[in-house]
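Peer 1: Let me give you the structure first, and then I'll get to my questions.
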Amino acid sequence: MISTEVLAMYENIAGLSTQMVQAARSSDWDGLSKLEGQCAAEARGVAAGPVPALSGAPRMRKIDLLKQIMANDRAIRDVTEPWMTQLSKVMEAPRQSL
């Protein structure tokens, strides 16, 4: 993997995570799940082999992209965590006999 490929990978992940925020905010859970799979597939590039260290402007761009990805992750969790908590409570509630 060369430095331009590293940046392209982070650009793609950042773009996908932005789309994931939009899907979460619009309650498009199927879309969110699909995007999550695409994001995971893209991120496997980091685990696939050595990633070259970046310096200068490319390193700063990578840092900016990582900050964007982390902010998007927080925004997604801000939407999904309350929903998951509510769902968990509903599932744990005793069932009413009819």
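Order determines the names: the first chain of the structure tokens is A, the second B, and so forth; residues in each chain are numbered 1 upward, and ligands are numbered 1 upward as they are shown.
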For stretch 70-81 of chain A, work out the shell of residues within 9 Å, counting only C-alpha atoms and skipping chain neighbours fewer than 4 positions away, then give it as a ChimeraX atom specification.
Peer 2: /A:14,17-18,20-25,27,65-66,85-86
Peer 1: Suppose we keep N, CA, C and O atoms; can you now write the selection as an mmCIF file, in the first residue's frame?
Peer 2:
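In the end it all went to again.cif:
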data_model
loop_
_atom_site.group_PDB
_atom_site.id
_atom_site.type_symbol
_atom_site.label_atom_id
_atom_site.label_comp_id
_atom_site.auth_asym_id
_atom_site.auth_seq_id
_atom_site.Cartn_x
_atom_site.Cartn_y
_atom_site.Cartn_z
ATOM 1 N N ALA A 14 -14.218 7.871 5.580
ATOM 2 C CA ALA A 14 -14.847 9.103 6.064
ATOM 3 C C ALA A 14 -16.146 9.368 5.319
ATOM 4 O O ALA A 14 -17.158 9.734 5.926
ATOM 5 N N SER A 17 -18.727 6.896 6.510
ATOM 6 C CA SER A 17 -19.205 7.203 7.862
ATOM 7 C C SER A 17 -20.144 8.411 7.858
ATOM 8 O O SER A 17 -21.088 8.465 8.642
ATOM 9 N N THR A 18 -19.930 9.354 6.949
ATOM 10 C CA THR A 18 -20.850 10.481 6.811
ATOM 11 C C THR A 18 -22.215 9.998 6.331
ATOM 12 O O THR A 18 -23.259 10.428 6.836
ATOM 13 N N MET A 20 -23.350 7.046 6.875
ATOM 14 C CA MET A 20 -23.911 6.287 7.990
ATOM 15 C C MET A 20 -24.628 7.207 8.969
ATOM 16 O O MET A 20 -25.682 6.853 9.499
ATOM 17 N N VAL A 21 -24.071 8.389 9.216
ATOM 18 C CA VAL A 21 -24.723 9.364 10.089
ATOM 19 C C VAL A 21 -26.080 9.737 9.502
ATOM 20 O O VAL A 21 -27.099 9.764 10.218
ATOM 21 N N GLN A 22 -26.107 10.010 8.216
ATOM 22 C CA GLN A 22 -27.358 10.385 7.559
ATOM 23 C C GLN A 22 -28.382 9.255 7.654
ATOM 24 O O GLN A 22 -29.560 9.500 7.915
ATOM 25 N N ALA A 23 -27.936 8.019 7.456
ATOM 26 C CA ALA A 23 -28.843 6.875 7.549
ATOM 27 C C ALA A 23 -29.383 6.728 8.969
ATOM 28 O O ALA A 23 -30.582 6.489 9.161
ATOM 29 N N ALA A 24 -28.517 6.874 9.961
ATOM 30 C CA ALA A 24 -28.957 6.751 11.358
ATOM 31 C C ALA A 24 -29.964 7.838 11.705
ATOM 32 O O ALA A 24 -30.995 7.555 12.327
ATOM 33 N N ARG A 25 -29.683 9.055 11.293
ATOM 34 C CA ARG A 25 -30.586 10.165 11.611
ATOM 35 C C ARG A 25 -31.942 10.032 10.934
ATOM 36 O O ARG A 25 -32.938 10.546 11.439
ATOM 37 N N SER A 27 -33.323 7.087 10.430
ATOM 38 C CA SER A 27 -33.806 5.763 10.868
ATOM 39 C C SER A 27 -33.811 4.740 9.736
ATOM 40 O O SER A 27 -34.655 3.852 9.687
ATOM 41 N N LEU A 65 -8.972 13.287 8.708
ATOM 42 C CA LEU A 65 -9.956 12.259 8.334
ATOM 43 C C LEU A 65 -10.309 11.384 9.527
ATOM 44 O O LEU A 65 -11.489 11.043 9.725
ATOM 45 N N LEU A 66 -9.319 11.029 10.322
ATOM 46 C CA LEU A 66 -9.594 10.225 11.520
ATOM 47 C C LEU A 66 -10.484 10.975 12.497
ATOM 48 O O LEU A 66 -11.398 10.389 13.093
ATOM 49 N N THR A 85 -31.058 1.075 23.847
ATOM 50 C CA THR A 85 -31.448 0.975 25.260
ATOM 51 C C THR A 85 -32.949 0.748 25.378
ATOM 52 O O THR A 85 -33.401 -0.109 26.143
ATOM 53 N N GLN A 86 -33.708 1.511 24.611
ATOM 54 C CA GLN A 86 -35.163 1.362 24.626
ATOM 55 C C GLN A 86 -35.558 -0.036 24.141
ATOM 56 O O GLN A 86 -36.412 -0.688 24.746
#
Peer 1: Got a sec: who's within 8 Å of A:Met9, counting only C-alpha atoms, leaving out chain neighbours fewer than 3 positions off, as number ranges by chain?
Peer 2: A: 5-6, 12-13, 42-43, 45
Peer 1: Write the residues you've just listed into a file as a tab-separated table (two decimals), in the first residue's frame, and include C-alpha atoms for each of them.
Peer 2:
chain	number	residue	atom	x	y	z
A	5	GLU	CA	-3.79	4.49	-1.33
A	6	VAL	CA	-3.73	5.07	2.43
A	12	ASN	CA	-13.59	6.43	1.52
A	13	ILE	CA	-14.13	5.47	5.15
A	42	GLU	CA	-12.74	-0.80	3.38
A	43	ALA	CA	-11.11	-0.80	6.83
A	45	GLY	CA	-7.19	-2.68	4.07
Peer 1: Between atom CA of A:Arg59 and atom CA of A:Glu36, what is the spacing in Å?
Peer 2: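 Atom CA of A:Glu36 sits 25.1 Å away from atom CA of A:Arg59.
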Peer 1: Of the residues A:Asp64, A:Pro50, A:Asp28, A:Ala41, which is the one nearest to A:Glu11, using only C-alpha atoms?
Peer 2: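 Smallest separation from A:Glu11 among the options: A:Asp64.
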Peer 1: If you measure from atom CA of A:Cys39 to atom CA of A:Ala8, what distance in Å do you get, rounded to one decimal?
Peer 2: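 Calculated distance between atom CA of A:Cys39 and atom CA of A:Ala8 is 12.9 Å.
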Peer 1: For the atom pair atom CA of A:Pro52 and atom CA of A:Gly15, what is the interatomic distance in Å to one decimal place?
Peer 2: 21.6 Å
Peer 1: Mind the document's chain letters and residue numbers, and return as an MDAnalysis selection string the residues of chain A that DSSP labels helix (DSSP H, G or I).
Peer 2: chainID A and resid 3:25 29:48 56:92
Peer 1: Pick out the closest residue to A:Leu35 from this set: A:Met1, A:Ala53, A:Met84, A:Leu16. Count only C-alpha atoms.
Peer 2: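 Among the listed residues, A:Leu16 lies closest to A:Leu35.
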